[in-house]
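Working notes, structure below.
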Amino acid sequence: MSHARVRWISGPVLRAAAQGPFSLREAVHVGPQALLGEVVRLAGDEITVQVYEDTTGLGPGTEVRGTGQPLAIRLGPGLLGNIFDGLLRPLTASGSVYVQPGARTAARTEYGFTPLVVLGQTLEPGTVFGEATTDSGRKLRCLLPPDADGEVIRISAPGRYADDAPVLELRLPVGEPRPIAMSHVWPVRVPRPVRRRLAATRPLVTGQRILDSLFPLAQGGKAAIPGGFGTGKTVLLETLAKGCDADVIVYLGCGERGNEMAGVLDEFPRLTDPRSARPLMERTVVIANTSNMPVAAREASIYSAITVAEYFRDQGLHVALMADSTSRWAEALREVSGRFGELPGEGGYPAYLSSRLAEFYERAAVVETLGGETGSVTVMGAISPPSGDFSEPVTSHTKRYVRAFWALDVKRAQARFYPAIHPLQSYAEDAGALAAWWRQQGNSRWPELRRQFLTLLDDQARLERMARIIGKDALPVRQQLTLFCAELVNEAFLRQSALSTIDHRAGPERQAAMMRTVGRFIELAEQAVAAGTHPERMSELPCLRAVQRMGEDIDEENLPRFAELSARMEHEFGQLSSQLSDPPSSQPDADPGGQAGAAPTHPTETPHAPPTAG
Ligand SMILES: Nc1ncnc2c1ncn2[C@@H]1O[C@H](COP(=O)(O)OP(=O)(O)OP(=O)(O)O)[C@@H](O)[C@H]1O
Ligand SMILES: [Mg+2]
């Protein structure tokens, strides 16, 4: 292998005089502790190396040894349920959150192995050749690496083997037979190959109403969660990790403070997966590169995380990757780039910030795997824009690559309205493609109600501005109704506490029932107003409180109670209209400007609220 001698070193970056050939992106070992690094530039006899570990104490003259391999990680049955650093070295094995300098990928662990192929069989890349059983009893497929194929000339009997011990040997067209273990090594910067990408047709159900119902993300899609300091990015990502319907969660804590990760590290091992009733950790891989860990490893951590996600995708699983936060990753990129002496671009970030973000997000997809199955990686990345300014480079570049934008709002967060997603600054480009799925779930009115809710929220912003100038009572009655209905959408539907025992997650059926209930209330309210009731009278209806609290009151097991609630609404509105014979407190005006906001119902449609003269 090639050698080099350090000439110059500054933090995580060094330049060294090479003796022998090095290749770009080759992994290297630096100094007596064999710290892990990567060649990032070649110029004449000089290599520039990014070191992923603390370089304190190293100086000119230190030896750098080439490995002949790109920076790679070991993928296998040992991933689920464990916590790793940015280079996928286990953080729990040593009993501390610090990895020994120079430590390698993973400790040797034994797993149960069951062969699924026989001697003489010819295998293609990505074939499932066996089954590994983890200590928790979970069965995982052993995949032939994407770059391996050939005839089986040895296969181990069922038993327990180290994850890196050869359990299979393949005859290759030329050369030595190739040994294959339950786990294999894959370079982090190279996307794992697939047969083809598929169109996104179903959502990743997150259990958060504002996301699933207003700003849905397709399975295999990509979403950004930008938000100022303390607006709830971490809580939202954790809630999604707990509640979304993915088979495997890869949770990346990237450059956040150690205590930000505490929620995941403390809480997850104690939680159960709502779908399988097994510990949540069993479907989770945590990668932690907190702010006190070496900065260059942070840059590598998002590639490690997405490679792990692709590995599970290749098993025909649906994977959700949460990255908190991509801004800290971009800052690492900026810091290392500065040490290289590269010319800073916008915001001090290197000019390749945008292409790196694209490379990361483009690895999210629904695919047909090499083994012929369907798997997906869905990516959700938090962004922490300095002073909450969404025009800064990381947010604006990320916007170009994501399909859903879930913008967290400081004002909503200050008002403790959670999740603090701003309905007017957020968007979801996949919503149209997902309507069919909601229809199959029995929510045929999803597109219509979604549009109605969004229009109401849009009108609300405009009318509130006006109300601040002229006073709310001076608004025409139809506009007061719009404000009333928008508030109902916010309070009864969008507000959802991550801390609530019942409401932290809402399944698709419960969401649909709540959506219909709010939709029906709005219909009844419109009819009542058209028949002469003032919106203020509706605030006094006892059922209004019940609708506002339904998320907390009606759990997944009691969905028929939504129908009871609707019946109660019909009844109370019926009574309201029969009271119309009493002189109303104020006359509804005609609103000739027609600025009725989202009210799609025509005043003539009043089947339930005939103004009966007593
Ligand atoms: N969905 C939610 N439900 C209930 N409370 C929430 C929710 N989201 C945020 N909070 C509250 O807001 C606080 C701050 O949230 P969080 O730590 O997620 O913010 P952040 O955006 O990650 O902050 P930072 O910028 O420091 O990373 C939480 O401790 C919690 O009290
Ligand atoms: Mg946070």
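Identifiers in the structure tokens: chain A, B, ... in order shown; residue index from 1 per chain; ligand index from 1 in order shown.
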
Legend entry - At most 9 Å from ligand 2 (only C-alpha atoms and all ligand atoms): residue list as a ChimeraX atom specification: /A:229-235,237,256-257,260-261,324-325,382,384

Inset, instruction - Can you pull out every residue within 7 Å of Leu170 in chain A, counting only C-alpha atoms, but drop anything in the same chain fewer than 4 positions away, and send it as a list in words? - result: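 Those residues are Gly150, Glu151, Val152, Ile153, Pro177, Arg178 and Pro179 of chain A.
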
Expected file: the selected residues, N, CA and C atoms, as an mmCIF file, in the first residue's frame:
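Once everything was written out, this is result_8.cif:
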```cif
data_model
loop_
_atom_site.group_PDB
_atom_site.id
_atom_site.type_symbol
_atom_site.label_atom_id
_atom_site.label_comp_id
_atom_site.auth_asym_id
_atom_site.auth_seq_id
_atom_site.Cartn_x
_atom_site.Cartn_y
_atom_site.Cartn_z
ATOM 1 N N GLY A 150 -22.303 -15.310 -8.985
ATOM 2 C CA GLY A 150 -21.540 -16.514 -9.295
ATOM 3 C C GLY A 150 -22.245 -17.759 -8.775
ATOM 4 N N GLU A 151 -21.539 -18.921 -8.934
ATOM 5 C CA GLU A 151 -22.139 -20.196 -8.549
ATOM 6 C C GLU A 151 -21.756 -20.544 -7.110
ATOM 7 N N VAL A 152 -22.723 -21.063 -6.353
ATOM 8 C CA VAL A 152 -22.468 -21.426 -4.954
ATOM 9 C C VAL A 152 -21.584 -22.666 -4.913
ATOM 10 N N ILE A 153 -20.378 -22.554 -4.297
ATOM 11 C CA ILE A 153 -19.546 -23.743 -4.161
ATOM 12 C C ILE A 153 -19.381 -24.155 -2.690
ATOM 13 N N PRO A 177 -12.236 -18.072 -5.615
ATOM 14 C CA PRO A 177 -13.642 -17.973 -5.201
ATOM 15 C C PRO A 177 -13.840 -16.781 -4.256
ATOM 16 N N ARG A 178 -15.039 -16.249 -4.256
ATOM 17 C CA ARG A 178 -15.290 -15.081 -3.405
ATOM 18 C C ARG A 178 -16.055 -15.480 -2.146
ATOM 19 N N PRO A 179 -15.461 -15.232 -0.946
ATOM 20 C CA PRO A 179 -16.189 -15.536 0.293
ATOM 21 C C PRO A 179 -17.204 -14.430 0.593
#
```

Legend entry - Distance of CA of Val188 in chain A from CA of Val117 in chain A, expressed in Å to one decimal place: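 Taking CA of Val117 in chain A as the start and CA of Val188 in chain A as the end point, the length is 28.3 Å.
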
Please provide the set of residues having any atom within 8 Å of range 423-439 of chain A, restricted to only C-alpha atoms, with same-chain residues fewer than 6 positions apart removed, written as a CSV table (one decimal) with N, CA and C atoms, in the first residue's frame.
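Written file, around-v8.csv:
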```
chain,number,residue,atom,x,y,z
A,200,ALA,N,-43.9,7.3,-7.0
A,200,ALA,CA,-44.4,7.3,-5.7
A,200,ALA,C,-45.9,7.3,-5.7
A,201,THR,N,-46.6,6.3,-5.0
A,201,THR,CA,-48.0,6.2,-5.1
A,201,THR,C,-48.7,6.3,-3.7
A,202,ARG,N,-47.9,6.0,-2.7
A,202,ARG,CA,-48.6,6.0,-1.4
A,202,ARG,C,-47.8,6.9,-0.4
A,203,PRO,N,-48.4,7.4,0.6
A,203,PRO,CA,-47.7,8.3,1.5
A,203,PRO,C,-46.9,7.6,2.5
A,214,LEU,N,-52.6,17.6,5.2
A,214,LEU,CA,-52.4,18.9,4.4
A,214,LEU,C,-51.1,18.8,3.6
A,215,PHE,N,-50.0,18.3,4.1
A,215,PHE,CA,-48.7,18.4,3.4
A,215,PHE,C,-48.1,17.0,3.4
A,216,PRO,N,-48.8,16.1,2.7
A,216,PRO,CA,-48.3,14.7,2.7
A,216,PRO,C,-47.0,14.4,2.0
A,217,LEU,N,-46.3,13.5,2.5
A,217,LEU,CA,-45.0,13.1,1.9
A,217,LEU,C,-45.1,11.7,1.3
A,218,ALA,N,-44.7,11.5,0.1
A,218,ALA,CA,-44.8,10.2,-0.5
A,218,ALA,C,-43.8,9.3,0.1
A,403,ARG,N,-39.5,17.5,-2.0
A,403,ARG,CA,-40.9,17.6,-2.5
A,403,ARG,C,-41.8,18.1,-1.5
A,404,ALA,N,-41.5,18.1,-0.2
A,404,ALA,CA,-42.3,18.6,0.8
A,404,ALA,C,-41.5,19.5,1.7
A,405,PHE,N,-42.1,20.6,2.0
A,405,PHE,CA,-41.4,21.7,2.8
A,405,PHE,C,-42.3,22.0,4.0
A,406,TRP,N,-41.9,21.5,5.2
A,406,TRP,CA,-42.6,21.7,6.4
A,406,TRP,C,-42.0,22.8,7.2
A,407,ALA,N,-42.5,24.0,7.0
A,407,ALA,CA,-41.8,25.1,7.7
A,407,ALA,C,-42.3,25.4,9.1
A,445,ARG,N,-63.3,12.2,0.3
A,445,ARG,CA,-63.3,13.6,0.2
A,445,ARG,C,-62.0,14.3,0.6
A,446,TRP,N,-61.0,13.5,0.7
A,446,TRP,CA,-59.7,14.0,1.1
A,446,TRP,C,-59.2,15.2,0.3
A,447,PRO,N,-59.2,15.1,-1.1
A,447,PRO,CA,-58.7,16.3,-1.8
A,447,PRO,C,-59.5,17.5,-1.6
A,454,LEU,N,-57.1,24.4,3.4
A,454,LEU,CA,-56.0,25.2,3.0
A,454,LEU,C,-56.5,26.6,2.6
A,457,LEU,N,-57.4,28.6,5.7
A,457,LEU,CA,-56.2,29.1,6.4
A,457,LEU,C,-55.6,30.3,5.7
A,458,ASP,N,-55.6,30.2,4.4
A,458,ASP,CA,-55.1,31.3,3.6
A,458,ASP,C,-55.9,32.6,3.8
```

Inset, instruction - Step one, run DSSP on the backbone; step two, keep only residues of range 381-549 of chain A assigned to strand (DSSP E); then write them as a VMD selection string. - result: chain A and resid 381 to 383 404 to 405 427 to 428

Inset, instruction - Would you mind reading off the distance between CA of Ala420 in chain A and CA of Asn289 in chain A, one decimal, in Å? - result: 26.2 Å

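The protein and nucleic acid residues lying at most 6 Å from range 111-115 of chain A are A:Gly130, A:Glu131, A:Ala132, A:Thr133, A:Thr134, A:Pro158, A:Gly159, A:Arg160, A:Tyr161, with only C-alpha atoms considered and sequence neighbours fewer than 6 positions away removed.
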
Inset, instruction - Would you mind listing what lies within 9 Å of Tyr303 in chain A as a PyMOL selection string, with only C-alpha atoms counted and same-chain residues fewer than 5 positions away left out? - result: chain A and resi 86+188-190+308+360

Go ahead and dump the residues you just picked, C-alpha atoms, as a PDB file, in the first residue's frame.
```pdb
ATOM      1  CA  GLY A  86     -20.823   9.093  12.014  1.00  0.00           C
ATOM      2  CA  VAL A 188     -20.655   5.369   1.718  1.00  0.00           C
ATOM      3  CA  ARG A 189     -20.478   7.830  -1.136  1.00  0.00           C
ATOM      4  CA  VAL A 190     -21.683   5.393  -3.780  1.00  0.00           C
ATOM      5  CA  VAL A 308     -27.598   2.197   5.949  1.00  0.00           C
ATOM      6  CA  PHE A 360     -27.893  13.310  -0.502  1.00  0.00           C
TER       7      PHE A 360
END
```

Inset, instruction - In Å, rounded to a single decimal, give me how far CA of Thr398 in chain A is from CA of Glu299 in chain A. - result: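 Straight-line distance from CA of Glu299 in chain A to CA of Thr398 in chain A works out to 16.2 Å.
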
Legend entry - DSSP alpha helix (DSSP H) residues within range 190-355 of chain A, as a ChimeraX atom specification: /A:209,233-243,258-262,295-313,326-340,353-355

Inset, instruction - Tell me which of A:Thr369, A:Ser156, A:Thr455, A:Gln208 sits closest to ligand 1, counting only C-alpha atoms and all ligand atoms. - result: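 The answer is A:Gln208, which sits nearest to ligand 1.
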
Legend entry - Ser355 in chain A surroundings by only C-alpha atoms, 12 Å radius, close-in-sequence under 2 positions cut, as a PyMOL selection string: chain A and resi 330+349-353+357-362+394+397-398+400-401

Inset, instruction - Excluding range 10-26 of chain A and residues on its chain fewer than 5 positions from it, collect all residues at most 9 Å away from it, counting only C-alpha atoms, and give them as an MDAnalysis selection string. - result: chainID A and resid 1:5 37:42 44:56 60:64 66:71 189 294:296 336 339:340

Legend entry - Which of A:Asp459, A:Asp273, A:Asp473, A:Asp503 sits closest to ligand 1 [using only C-alpha atoms and all ligand atoms]: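 Looking only at the distances to ligand 1, the closest residue turns out to be A:Asp503.
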
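Between Thr326 in chain A and the candidates A:Gly220, A:Gly253, A:Gly348, A:Pro542, the tightest atom-to-atom separation, counting only C-alpha atoms, involves A:Gly253.
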
Legend entry - Closest of A:Glu556, A:His571, A:Gly345, A:Val285 to Arg505 in chain A - atom-to-atom distances counting only C-alpha atoms: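 Of the candidates, the smallest distance to Arg505 in chain A is held by A:Glu556.
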
Legend entry - Distance criterion (only C-alpha atoms and all ligand atoms): nearest to ligand 1 out of A:Ile522, A:Leu123, A:Ala246, A:Val264: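 Using only C-alpha atoms and all ligand atoms, ligand 1 sits closest to A:Val264.
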
Legend entry - For ligand 1, the nearest of the candidates A:Gly532, A:Pro226, A:Pro344, A:Pro269, counting only C-alpha atoms and all ligand atoms: A:Pro226
